[in-house]
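For reference, the structure is listed below as C-alpha cells.
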Number of protein chains: 2
Amino acid sequence: MAIFSRTCEYAIRAVLYIAHQSTPSQKIGIKEIAAGIDSPELYLAKILQNLSKKGIINSTKGPHGGFYIQEDSLRKPLSEIVEAIDGEGLFRGCALGLSQCSELNPCPLHDQFKSIRTQIHQVLSQTTIGEFNQELVEGILSLRK
Amino acid sequence: MAIFSRTCEYAIRAVLYIAHQSTPSQKIGIKEIAAGIDSPELYLAKILQNLSKKGIINSTKGPHGGFYIQEDSLRKPLSEIVEAIDGEGLFRGCALGLSQCSELNPCPLHDQFKSIRTQIHQVLSQTTIGEFNQELVEGILSLRK
DNA sequence: TAAATAAAAGATATTCTTGTCCTTTAAATA
DNA sequence: TATTTAAAGGACAAGAATATCTTTTATTTA
C-alpha cells in the first residue's frame, strides 16, 4: 500500500500543476491538466470538483473557463488537500486500527507511530501549494508518470 | 486513509496475539484469535493462511491443532508482516505515484518523504514480533478494538 | 480404521475505490 | 439572444479490498 490513496496522488499533482500553470486570468482546462499529470481525465474532473467545493482551487465555466488557484491559496499547506481527500487517518488514529488505543490504553505501536505521524503532519503542513512553482517551471521537478 | 490496509492491521494484531498466547505445544484456534483481536473470523483465516505460507506463523490441522509461532520467529521484525500483506509501498516508491520519480528526476515531495519512509522502515524493522509479550501479558497493551 | 477436529482451499458475496458516460448549468461571445 | 464552451452533477461500470460460505485435506484419538 502506498502512503496516499491514488485519488489523493492525483489531487496533489493536479493542484501543483494548476498552481504553476495558471493564474486567475489564465485558467487551465481539465484536458490539459489530466494530460499534464498523466491521470484519467473524467476521474480527475470529479476530484477537482471536490477540491473546488472545498475552496482549495477555483473554477469557472464557459469559454476561457477552467481551473485556477487564488494567490492566497498558494500559501495553503498540502495537508489541506490530503485531509480533503484521504481524511485525517494519516495524522491521527491508531496504526493498528484500534479505536480504544490511547495514551492510557496504548496499542503496541502507539509510541513509535506517534512520532511518525507527527513528522508526516509537519511535512505536509509546512509545505505549501505554491512553493514548487519555480522548480516546476525550471523543469527540476516532475509531475508526470 | 490509514497507514496500513485493514488486512494488514488484522495481520499484525493477530500475529502479536498468537505470539503471546501460544507455544508450539499450546496452539491457538482461529475462533479464539478472531475474538481476541476483534476481527471477522473467516476473513482472518484467509490472512493467517497467507502468513503461514510465508513462514511467518505456523499451523497444524486436526484436534489440538491451530496456529502458533516458532521461537525464532519471535525475533522477526514487524516489517515482514507488512511486506507480506501491503507490499513495500510504504518503504519505497514515490509518494505522488510517479514511476519516474528518482534522485535525478524527483517529484516535489521526494526529499521530505525519503526521511519519513526511512523512519517507518526503521521502526518496523527494529520492532520484533515477540517484544510485546510481557506487556501484553500484563495487560499494559491492548489488541482489541 | 472410523469419527471428530481444525486448518486449507475454492467459490461467491459485499463494499469501497477508481474510472466512465451522459445530461445540465453557467459563462462568454458572435 | 442564440450558440458555443467548459465545468458541475448524476448515474453507471469496472476493479480491488473485504467478508462469507462450502468443500476438502490433514491430524488426532477413540
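We name chains A, B, ... following the order of the C-alpha cells; residues begin at 1 in each chain, and ligands are numbered from 1 as shown.
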**OP:** Compile the contact shell of DT29 in chain D as a PyMOL selection string: residues with an atom at most 12 Å away, counting only C-alpha atoms (C1' of nucleotides), same-chain residues fewer than 6 positions apart removed.
**Re:** (chain B and resi 62-64) or (chain C and resi 1-5)
Take the residues from that selection and put them in a file with C-alpha atoms (C1' of nucleotides), as a PDB file, in the first residue's frame.
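Wrote it out as out23.pdb, contents follow:
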```pdb
ATOM      1  CA  GLY B  62      -6.785 -31.546  13.401  1.00  0.00           C
ATOM      2  CA  PRO B  63      -7.612 -31.888  17.088  1.00  0.00           C
ATOM      3  CA  HIS B  64      -5.491 -29.650  19.279  1.00  0.00           C
TER       4      HIS B  64
ATOM      5  C1'  DT C   1      -9.693 -47.744  10.968  1.00  0.00           C
ATOM      6  C1'  DA C   2     -13.666 -44.570  11.674  1.00  0.00           C
ATOM      7  C1'  DA C   3     -15.074 -40.371  13.625  1.00  0.00           C
ATOM      8  C1'  DA C   4     -14.061 -35.879  15.059  1.00  0.00           C
ATOM      9  C1'  DT C   5     -11.459 -31.740  14.753  1.00  0.00           C
TER      10       DT C   5
END
```
Original post:
So which bits of chain B end up helix (DSSP H, G or I) when you DSSP the backbone, as a ChimeraX atom specification?
Top reply: /B:6-21,30-37,41-53,71-75,78-86,110-126,133-138
Original post:
When the cut-off is 9 Å and we count only C-alpha atoms (C1' of nucleotides), which residues of chain B are near chain C, given as a list of chain:residue names?
Top reply: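 The contacting residues on chain B are B:Gly29, B:Ile30, B:Ala45, B:Gln49, B:Ser59, B:Thr60, B:Lys61, B:Gly62, B:Pro63, B:His64, B:Gly65, B:Gly66, B:Phe67.
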Original post:
Which neighbours of Leu124 in chain A fall inside 10 Å, counting only C-alpha atoms (C1' of nucleotides), when residues of the same chain fewer than 4 positions from it are skipped, and could you give them as number ranges by chain?
Top reply: A: 77-82, 118-120, 128-129; B: 109, 112-113
Subject >> Residue with smallest distance to chain D - pool B:Ala11, B:Gln21, B:Tyr43, B:Leu74, counting only C-alpha atoms (C1' of nucleotides) >> reply: B:Tyr43
**OP:** as an NGL selection string, please: all residues of range 10-139 of chain A that backbone DSSP puts in strand (DSSP E or B).
**Re:** :A and (23 or 26 or 28 or 58-60 or 66-68 or 77 or 128)
Write the selection just made, keeping C-alpha atoms, as a PDB file, in the first residue's frame?
```pdb
ATOM      1  CA  THR A  23      -3.460  32.392 -12.917  1.00  0.00           C
ATOM      2  CA  GLN A  26      -5.212  32.435 -17.485  1.00  0.00           C
ATOM      3  CA  ILE A  28      -6.414  25.869 -17.429  1.00  0.00           C
ATOM      4  CA  ASN A  58     -11.322  27.667  -8.108  1.00  0.00           C
ATOM      5  CA  SER A  59     -13.039  27.239 -11.423  1.00  0.00           C
ATOM      6  CA  THR A  60     -15.247  28.983 -13.888  1.00  0.00           C
ATOM      7  CA  GLY A  66     -11.169  26.328 -16.416  1.00  0.00           C
ATOM      8  CA  PHE A  67      -9.364  25.824 -13.159  1.00  0.00           C
ATOM      9  CA  TYR A  68      -7.092  28.233 -11.380  1.00  0.00           C
ATOM     10  CA  PRO A  77      -0.347  23.688   3.069  1.00  0.00           C
ATOM     11  CA  THR A 128       2.758  24.949   0.616  1.00  0.00           C
TER      12      THR A 128
END
```
Subject >> Neighbours of chain B in chain D at 12 Å, counting only C-alpha atoms (C1' of nucleotides), as a ChimeraX atom specification >> reply: /D:17-21,25-29
**OP:** Enumerate as JSON, numbers by chain the residues belonging to chain A that approach chain B to within 7 Å, with only C-alpha atoms taken into account.
**Re:** {"A": [1, 2, 3, 4, 5, 9, 13, 86, 87, 89, 90, 95, 96, 97, 98, 99, 100, 105, 106, 107, 108, 112, 116, 120, 123, 132, 141, 142, 143, 144, 145]}
Output N, CA and C atoms for every residue in the selection just made, as a PDB file, in the first residue's frame.
```
ATOM      1  N   MET A   1       0.813  -1.207   0.000  1.00  0.00           N
ATOM      2  CA  MET A   1       0.000   0.000   0.000  1.00  0.00           C
ATOM      3  C   MET A   1       0.847   1.258   0.000  1.00  0.00           C
ATOM      4  N   ALA A   2       0.419   2.225  -0.729  1.00  0.00           N
ATOM      5  CA  ALA A   2       1.142   3.497  -0.775  1.00  0.00           C
ATOM      6  C   ALA A   2       0.726   4.384   0.393  1.00  0.00           C
ATOM      7  N   ILE A   3       1.396   5.498   0.548  1.00  0.00           N
ATOM      8  CA  ILE A   3       1.082   6.402   1.648  1.00  0.00           C
ATOM      9  C   ILE A   3      -0.258   7.093   1.423  1.00  0.00           C
ATOM     10  N   PHE A   4      -0.464   7.611   0.195  1.00  0.00           N
ATOM     11  CA  PHE A   4      -1.719   8.270  -0.144  1.00  0.00           C
ATOM     12  C   PHE A   4      -2.564   7.370  -1.042  1.00  0.00           C
ATOM     13  N   SER A   5      -3.885   7.584  -1.019  1.00  0.00           N
ATOM     14  CA  SER A   5      -4.731   6.907  -1.995  1.00  0.00           C
ATOM     15  C   SER A   5      -4.384   7.442  -3.381  1.00  0.00           C
ATOM     16  N   GLU A   9      -3.125  11.151  -4.671  1.00  0.00           N
ATOM     17  CA  GLU A   9      -1.941  11.397  -5.512  1.00  0.00           C
ATOM     18  C   GLU A   9      -2.312  12.289  -6.701  1.00  0.00           C
ATOM     19  N   ARG A  13      -0.932  16.187  -7.328  1.00  0.00           N
ATOM     20  CA  ARG A  13      -0.248  16.516  -8.585  1.00  0.00           C
ATOM     21  C   ARG A  13      -1.026  17.565  -9.366  1.00  0.00           C
ATOM     22  N   ASP A  86      -8.144  12.156   1.717  1.00  0.00           N
ATOM     23  CA  ASP A  86      -7.901  10.925   2.485  1.00  0.00           C
ATOM     24  C   ASP A  86      -8.330  11.044   3.936  1.00  0.00           C
ATOM     25  N   GLY A  87      -8.769  12.218   4.347  1.00  0.00           N
ATOM     26  CA  GLY A  87      -9.141  12.393   5.749  1.00  0.00           C
ATOM     27  C   GLY A  87      -7.910  12.529   6.628  1.00  0.00           C
ATOM     28  N   GLY A  89      -6.693  10.209   8.622  1.00  0.00           N
ATOM     29  CA  GLY A  89      -6.187   8.897   9.033  1.00  0.00           C
ATOM     30  C   GLY A  89      -4.674   8.818   9.138  1.00  0.00           C
ATOM     31  N   LEU A  90      -3.986   9.577   8.303  1.00  0.00           N
ATOM     32  CA  LEU A  90      -2.516   9.547   8.344  1.00  0.00           C
ATOM     33  C   LEU A  90      -1.985  10.258   9.577  1.00  0.00           C
ATOM     34  N   ALA A  95      -2.402   3.065  14.490  1.00  0.00           N
ATOM     35  CA  ALA A  95      -1.803   2.372  13.344  1.00  0.00           C
ATOM     36  C   ALA A  95      -2.387   0.973  13.177  1.00  0.00           C
ATOM     37  N   LEU A  96      -2.819   0.376  14.263  1.00  0.00           N
ATOM     38  CA  LEU A  96      -3.363  -0.984  14.184  1.00  0.00           C
ATOM     39  C   LEU A  96      -4.886  -0.996  14.088  1.00  0.00           C
ATOM     40  N   GLY A  97      -5.489   0.179  13.955  1.00  0.00           N
ATOM     41  CA  GLY A  97      -6.930   0.251  13.752  1.00  0.00           C
ATOM     42  C   GLY A  97      -7.758   0.080  15.005  1.00  0.00           C
ATOM     43  N   LEU A  98      -7.153   0.286  16.150  1.00  0.00           N
ATOM     44  CA  LEU A  98      -7.883   0.098  17.409  1.00  0.00           C
ATOM     45  C   LEU A  98      -8.484   1.420  17.871  1.00  0.00           C
ATOM     46  N   SER A  99      -9.818   1.441  17.976  1.00  0.00           N
ATOM     47  CA  SER A  99     -10.448   2.711  18.335  1.00  0.00           C
ATOM     48  C   SER A  99     -10.180   3.073  19.793  1.00  0.00           C
ATOM     49  N   GLN A 100      -9.903   2.071  20.615  1.00  0.00           N
ATOM     50  CA  GLN A 100      -9.662   2.345  22.029  1.00  0.00           C
ATOM     51  C   GLN A 100      -8.228   2.756  22.328  1.00  0.00           C
ATOM     52  N   ASN A 105      -4.290   3.536  27.118  1.00  0.00           N
ATOM     53  CA  ASN A 105      -4.590   2.170  26.691  1.00  0.00           C
ATOM     54  C   ASN A 105      -3.921   1.953  25.341  1.00  0.00           C
ATOM     55  N   PRO A 106      -2.607   2.014  25.299  1.00  0.00           N
ATOM     56  CA  PRO A 106      -1.902   2.075  24.008  1.00  0.00           C
ATOM     57  C   PRO A 106      -1.800   0.723  23.312  1.00  0.00           C
ATOM     58  N   CYS A 107      -1.842   0.749  21.985  1.00  0.00           N
ATOM     59  CA  CYS A 107      -1.518  -0.445  21.221  1.00  0.00           C
ATOM     60  C   CYS A 107       0.004  -0.577  21.213  1.00  0.00           C
ATOM     61  N   PRO A 108       0.505  -1.727  20.807  1.00  0.00           N
ATOM     62  CA  PRO A 108       1.951  -1.936  20.873  1.00  0.00           C
ATOM     63  C   PRO A 108       2.767  -0.916  20.086  1.00  0.00           C
ATOM     64  N   GLN A 112       5.819   4.580  18.842  1.00  0.00           N
ATOM     65  CA  GLN A 112       6.621   4.687  17.623  1.00  0.00           C
ATOM     66  C   GLN A 112       5.881   5.471  16.536  1.00  0.00           C
ATOM     67  N   ILE A 116       6.046   9.217  13.982  1.00  0.00           N
ATOM     68  CA  ILE A 116       5.943   9.167  12.515  1.00  0.00           C
ATOM     69  C   ILE A 116       4.803  10.047  12.023  1.00  0.00           C
ATOM     70  N   ILE A 120       4.932  13.255   9.472  1.00  0.00           N
ATOM     71  CA  ILE A 120       4.143  13.360   8.240  1.00  0.00           C
ATOM     72  C   ILE A 120       3.315  14.643   8.267  1.00  0.00           C
ATOM     73  N   VAL A 123       5.575  17.763   7.743  1.00  0.00           N
ATOM     74  CA  VAL A 123       5.978  17.946   6.345  1.00  0.00           C
ATOM     75  C   VAL A 123       4.821  18.501   5.524  1.00  0.00           C
ATOM     76  N   PHE A 132       6.596  25.093  -5.053  1.00  0.00           N
ATOM     77  CA  PHE A 132       7.375  24.372  -6.054  1.00  0.00           C
ATOM     78  C   PHE A 132       7.341  25.038  -7.423  1.00  0.00           C
ATOM     79  N   LEU A 141      11.601  19.713 -11.216  1.00  0.00           N
ATOM     80  CA  LEU A 141      10.656  18.769 -10.627  1.00  0.00           C
ATOM     81  C   LEU A 141       9.703  18.245 -11.688  1.00  0.00           C
ATOM     82  N   SER A 142       9.159  17.074 -11.440  1.00  0.00           N
ATOM     83  CA  SER A 142       8.286  16.435 -12.421  1.00  0.00           C
ATOM     84  C   SER A 142       6.953  16.034 -11.793  1.00  0.00           C
ATOM     85  N   LEU A 143       5.877  16.112 -12.574  1.00  0.00           N
ATOM     86  CA  LEU A 143       4.558  15.680 -12.101  1.00  0.00           C
ATOM     87  C   LEU A 143       3.976  14.572 -12.968  1.00  0.00           C
ATOM     88  N   ARG A 144       4.744  14.147 -13.970  1.00  0.00           N
ATOM     89  CA  ARG A 144       4.213  13.120 -14.871  1.00  0.00           C
ATOM     90  C   ARG A 144       4.753  11.744 -14.488  1.00  0.00           C
ATOM     91  N   LYS A 145       3.982  10.749 -14.868  1.00  0.00           N
ATOM     92  CA  LYS A 145       4.390   9.373 -14.605  1.00  0.00           C
ATOM     93  C   LYS A 145       5.681   9.044 -15.344  1.00  0.00           C
TER      94      LYS A 145
END
```
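Counting from CA of Gly55 in chain A, the distance to C1' of DT4 in chain D is 27.7 Å.
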**OP:** For CA of Ser73 in chain B and CA of Ser22 in chain B, determine how far apart the two atoms are, in Å to one decimal place.
**Re:** 12.7 Å
